Structures are given as C-alpha cells and as structure tokens.
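Step one of this worksheet: look at the structure below.
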Amino acid sequence: MKTYRLEFTQKLPIDLDTAWDFFSSPLNLAEITPKDMTFDVTSPNMANTKMYPGLIITYKVSPLFGIKLSWVTEITHVKDKEYFIDEQRFGPFAFWHHQHHFEKIDGGVLMHDTLHYSIGWGPIGSIANAIIVNNKINGIFKFRYQKVEELFGKF
C-alpha cells in the first residue's frame with residue numbers, strides 16, 4: 001500500500017493559548033474547511049470539548065463530487081499546547097495519520113502539520129492520488145491557510 005506524506009506550515013500572529021484554544025476544538029474544523037466539502041461534525045456534545053486522547057469525532061463530509069461520506073477519527077495523542085494527532089478509524093482513506101504541532105516563536109506561533117495517508121486500491125489508488133486526491137488535499141490546506149489568515153491576521 002503506497003503511503004503519501006504532506007507537510008504544511010503557517011506562522012500565526014497570536015499567542016500559543018489562543019492558537020491551542022481554537023485548533024483543539026473539534027467544532028472549529030468546519031470553519032477552516034472549504035464549504036464545498038459540506039463538513040459537518042456529527043458527534044454529540046462537542047460544544048465545549050477539547051482534544052484528548054481517545055476522543056472519537058464523527059463527521060459527514062463530501063470530499064469529491066458532492067457524495068456524502070461518514071468519517072470517524074480518533075485523537076490518539078495530545079500534549080497540551082504542543083501537538084495532537086488524529087487518525088482515521090473509518091472513512092474515505094485506507095490510512096490517515098495527521099499530526100498538528102504548535103510552537104511558540106517570536107511574534108506568534110508556528111503551526112506545522114504532517115499528514116500521512118494512503119488511498120489503497122494498488123495502482124488505481126496511485127492514479128487517483130496523482131489525478132485527484134493529492135490536489136484536493138493540497139487545496140484543503142491552501143483554503144485553511146487563507147481562512148486562518150482571515151481569522152487571525154497575517155504574520
């Protein structure tokens with residue numbers, strides 16, 4: 001099974017507490033996801049929930065062609081105000097491991113994401129990744145970058 005790795009960084013002109021408070025709230029994921037994905041958190045009682053190891057988050061998402069899919073992730077690791085990791089338990093990928101790191105820097109916070117994913121399906125999955133999936137994921141992170149700048153300003 002071919003596994004892909006993507007990395008994204010962004011500097012934020014906010015303090016670490018503000019960054020952590022926003023990004024560790026599952027409900028804020030919808031705010032930084034493109035609207036055409038119709039990303040809806042379906043887990044109950046998430047209003048005041050922050051990331052913790054073992055947290056299961058359920059979503060409905062339309063990653064391609066408007067087709068609604070269920071997606072279930074588990075927060076597997078959390079180090080307060082440093083990082084958290086989400087892993088897919090059920091959803092559109094054969095494998096999904098997403099690390100979210102936060103580091104205090106002069107004037108703000110450096111946010112760094114490392115994503116490992118696999119589509120599966122052998123050569124068909126490799127073709128799908130080259131034609132569609134890689135571009136879609138990069139587009140999602142580009143949107144997130146722009147949305148985060150709108151919310152918190154440019155560094």
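Going through the structure tokens in order, the chains are called A, B, and so on, while each chain numbers its residues from 1 and the ligands are numbered from 1 in the order shown.
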
Exercise for the section: Within 7 Å of Thr114 in chain A, counting only C-alpha atoms, which residues show up once you throw out same-chain ones fewer than 4 positions away? Write them as a list in words, please. Expected result: Leu6, Glu7, Phe8, His98, Gln99 and His100 of chain A

Exercise for the section: Please report, as a ChimeraX atom specification, each residue of range 26-124 of chain A to which DSSP assigns strand (DSSP E) when run on this structure's backbone. Expected result: /A:40-41,56-61,69-79,83-90,95-105,108-118

Practice task
Go through A:Val148, A:Ile132, A:Ile105, A:Ile85 and flag the residue nearest Phe65 in chain A, using only C-alpha atoms for the distances.
Solution key: A:Ile132

Handout entry: Pick from A:Leu151, A:Met1, A:Val78, A:Leu16 nearest to Asp106 in chain A, counting only C-alpha atoms
Key = A:Leu16

Handout entry: Which of A:Asp113, A:Ser25, A:Phe93, A:Thr76 sits closest to Asn129 in chain A [using only C-alpha atoms]
Key = A:Phe93

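Here CA of Lys60 in chain A and CA of Glu150 in chain A stand 25.0 Å from one another.
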
Exercise for the section: Enumerate, as a PyMOL selection string, the complete set of residues in range 25-56 of chain A that a backbone-based DSSP assignment places in helix (DSSP H, G or I). Expected result: chain A and resi 26-32+35-37

Practice task
Counting only C-alpha atoms, figure out which residue out of A:Val133, A:Leu27, A:Leu64, A:Gly122 gets nearest to Thr49 in chain A.
Solution key: A:Leu27

Practice task
One decimal, Å: what's the distance from CA of Ala47 in chain A over to CA of Lys147 in chain A, could you say?
Solution key: 21.0 Å

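Separating CA of Lys2 in chain A from CA of Gly125 in chain A is a distance of 8.3 Å.
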
Exercise for the section: Name all residues at most 8 Å from Tyr117 in chain A (count only C-alpha atoms; drop same-chain ones fewer than 2 positions away) and give them as a PyMOL selection string. Expected result: chain A and resi 3-5+93-97+115+119

Selected residues written out, N, CA, C and O atoms, as a JSON list (two decimals), in the first residue's frame:
[["chain", "number", "residue", "atom", "x", "y", "z"],
["A", 3, "THR", "N", 1.97, 4.90, 0.63],
["A", 3, "THR", "CA", 1.65, 5.94, 1.61],
["A", 3, "THR", "C", 2.28, 7.25, 1.17],
["A", 3, "THR", "O", 3.43, 7.27, 0.73],
["A", 4, "TYR", "N", 1.52, 8.32, 1.29],
["A", 4, "TYR", "CA", 1.98, 9.65, 0.89],
["A", 4, "TYR", "C", 2.18, 10.51, 2.13],
["A", 4, "TYR", "O", 1.53, 10.31, 3.15],
["A", 5, "ARG", "N", 3.09, 11.48, 2.01],
["A", 5, "ARG", "CA", 3.38, 12.40, 3.12],
["A", 5, "ARG", "C", 3.30, 13.83, 2.60],
["A", 5, "ARG", "O", 3.91, 14.15, 1.57],
["A", 93, "PHE", "N", -10.25, 7.00, 3.40],
["A", 93, "PHE", "CA", -8.86, 6.62, 3.18],
["A", 93, "PHE", "C", -8.58, 5.23, 3.74],
["A", 93, "PHE", "O", -9.19, 4.81, 4.72],
["A", 94, "ALA", "N", -7.61, 4.56, 3.15],
["A", 94, "ALA", "CA", -7.14, 3.29, 3.71],
["A", 94, "ALA", "C", -6.31, 3.56, 4.96],
["A", 94, "ALA", "O", -6.27, 2.74, 5.88],
["A", 95, "PHE", "N", -5.66, 4.73, 4.99],
["A", 95, "PHE", "CA", -4.82, 5.12, 6.13],
["A", 95, "PHE", "C", -4.80, 6.64, 6.21],
["A", 95, "PHE", "O", -4.69, 7.33, 5.17],
["A", 96, "TRP", "N", -4.89, 7.17, 7.42],
["A", 96, "TRP", "CA", -4.86, 8.63, 7.66],
["A", 96, "TRP", "C", -4.24, 8.86, 9.03],
["A", 96, "TRP", "O", -4.77, 8.38, 10.04],
["A", 97, "HIS", "N", -3.14, 9.56, 9.07],
["A", 97, "HIS", "CA", -2.45, 9.91, 10.32],
["A", 97, "HIS", "C", -2.02, 11.37, 10.19],
["A", 97, "HIS", "O", -1.18, 11.71, 9.36],
["A", 115, "LEU", "N", 1.00, 15.11, 7.45],
["A", 115, "LEU", "CA", -0.08, 14.18, 7.10],
["A", 115, "LEU", "C", 0.50, 13.00, 6.34],
["A", 115, "LEU", "O", 1.21, 13.18, 5.36],
["A", 119, "ILE", "N", -4.54, 5.77, -0.04],
["A", 119, "ILE", "CA", -5.85, 5.54, -0.64],
["A", 119, "ILE", "C", -6.14, 4.05, -0.73],
["A", 119, "ILE", "O", -7.29, 3.62, -0.70]]

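Look at Ile32 in chain A: the protein and nucleic acid residues within 9 Å of it, using only C-alpha atoms and passing over chain neighbours fewer than 3 places away, are Asn28, Leu29, Lys35, Ile140, Phe141, Phe143, Arg144, Tyr145, Gln146, Lys147 and Val148 of chain A.
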
Print the selection's residues with all heavy atoms to a file, as a CSV table (one decimal), in the first residue's frame.
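Writing done, so here's out-v9.csv:
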chain,number,residue,atom,x,y,z
A,28,ASN,N,-14.3,23.8,15.4
A,28,ASN,CA,-13.7,24.8,14.6
A,28,ASN,C,-13.1,24.2,13.3
A,28,ASN,O,-12.8,24.9,12.4
A,28,ASN,CB,-12.6,25.5,15.4
A,28,ASN,CG,-13.2,26.4,16.4
A,28,ASN,OD1,-14.3,26.9,16.3
A,28,ASN,ND2,-12.4,26.7,17.5
A,29,LEU,N,-13.1,22.9,13.2
A,29,LEU,CA,-12.6,22.3,11.9
A,29,LEU,C,-13.5,22.7,10.8
A,29,LEU,O,-13.0,22.9,9.7
A,29,LEU,CB,-12.6,20.7,12.1
A,29,LEU,CG,-11.5,20.1,13.0
A,29,LEU,CD1,-11.8,18.7,13.2
A,29,LEU,CD2,-10.2,20.4,12.4
A,35,LYS,N,-16.2,25.1,2.0
A,35,LYS,CA,-17.7,24.9,2.1
A,35,LYS,C,-18.2,23.8,1.2
A,35,LYS,O,-19.1,23.2,1.5
A,35,LYS,CB,-18.4,26.2,1.9
A,35,LYS,CG,-18.0,27.4,2.8
A,35,LYS,CD,-18.3,27.0,4.2
A,35,LYS,CE,-17.9,28.1,5.2
A,35,LYS,NZ,-17.3,27.7,6.4
A,140,ILE,N,-7.4,21.8,0.2
A,140,ILE,CA,-8.0,22.0,1.5
A,140,ILE,C,-7.1,22.8,2.4
A,140,ILE,O,-7.5,23.7,3.1
A,140,ILE,CB,-8.3,20.6,2.1
A,140,ILE,CG1,-9.5,20.0,1.3
A,140,ILE,CG2,-8.7,20.7,3.6
A,140,ILE,CD1,-9.7,18.5,1.6
A,141,PHE,N,-5.8,22.4,2.4
A,141,PHE,CA,-4.8,23.1,3.3
A,141,PHE,C,-4.5,24.5,2.8
A,141,PHE,O,-4.3,25.4,3.6
A,141,PHE,CB,-3.5,22.3,3.4
A,141,PHE,CG,-3.6,21.2,4.4
A,141,PHE,CD1,-4.1,20.0,4.1
A,141,PHE,CD2,-3.3,21.5,5.8
A,141,PHE,CE1,-4.2,19.0,5.1
A,141,PHE,CE2,-3.4,20.5,6.7
A,141,PHE,CZ,-3.9,19.3,6.4
A,143,PHE,N,-6.9,26.4,1.4
A,143,PHE,CA,-8.0,27.1,1.9
A,143,PHE,C,-7.9,27.4,3.4
A,143,PHE,O,-8.2,28.5,3.9
A,143,PHE,CB,-9.3,26.3,1.7
A,143,PHE,CG,-10.6,26.9,2.3
A,143,PHE,CD1,-11.3,27.8,1.5
A,143,PHE,CD2,-10.9,26.6,3.6
A,143,PHE,CE1,-12.5,28.4,2.1
A,143,PHE,CE2,-12.1,27.2,4.1
A,143,PHE,CZ,-12.8,28.1,3.4
A,144,ARG,N,-7.4,26.4,4.1
A,144,ARG,CA,-7.2,26.6,5.6
A,144,ARG,C,-6.3,27.7,5.9
A,144,ARG,O,-6.5,28.5,6.7
A,144,ARG,CB,-6.8,25.3,6.2
A,144,ARG,CG,-6.7,25.4,7.8
A,144,ARG,CD,-6.1,24.2,8.4
A,144,ARG,NE,-4.7,24.2,8.3
A,144,ARG,CZ,-3.9,23.4,9.0
A,144,ARG,NH1,-4.4,22.5,9.8
A,144,ARG,NH2,-2.6,23.5,8.9
A,145,TYR,N,-5.1,27.7,5.1
A,145,TYR,CA,-4.1,28.8,5.3
A,145,TYR,C,-4.8,30.1,5.2
A,145,TYR,O,-4.6,31.0,6.0
A,145,TYR,CB,-3.0,28.6,4.3
A,145,TYR,CG,-1.8,29.4,4.5
A,145,TYR,CD1,-0.7,28.9,5.1
A,145,TYR,CD2,-1.8,30.8,4.1
A,145,TYR,CE1,0.5,29.7,5.3
A,145,TYR,CE2,-0.7,31.6,4.3
A,145,TYR,CZ,0.5,31.0,4.9
A,145,TYR,OH,1.6,31.8,5.1
A,146,GLN,N,-5.6,30.3,4.1
A,146,GLN,CA,-6.2,31.6,3.8
A,146,GLN,C,-7.2,31.9,4.9
A,146,GLN,O,-7.3,33.1,5.3
A,146,GLN,CB,-6.8,31.6,2.4
A,146,GLN,CG,-5.8,31.5,1.3
A,146,GLN,CD,-6.4,31.2,0.0
A,146,GLN,OE1,-7.5,30.7,-0.2
A,146,GLN,NE2,-5.6,31.5,-1.1
A,147,LYS,N,-8.0,30.9,5.3
A,147,LYS,CA,-9.1,31.2,6.3
A,147,LYS,C,-8.4,31.5,7.6
A,147,LYS,O,-8.9,32.4,8.3
A,147,LYS,CB,-9.9,29.9,6.4
A,147,LYS,CG,-11.1,30.1,7.3
A,147,LYS,CD,-12.1,31.1,6.7
A,147,LYS,CE,-13.3,31.3,7.5
A,147,LYS,NZ,-14.3,32.3,7.0
A,148,VAL,N,-7.4,30.9,8.0
A,148,VAL,CA,-6.7,31.2,9.3
A,148,VAL,C,-6.1,32.6,9.2
A,148,VAL,O,-6.2,33.3,10.2
A,148,VAL,CB,-5.6,30.1,9.6
A,148,VAL,CG1,-4.7,30.6,10.7
A,148,VAL,CG2,-6.3,28.8,9.9

Handout entry: For Gly120 in chain A, the nearest of the candidates A:Pro92, A:Asn134, A:Phe22, A:Glu82, counting only C-alpha atoms
Key = A:Pro92
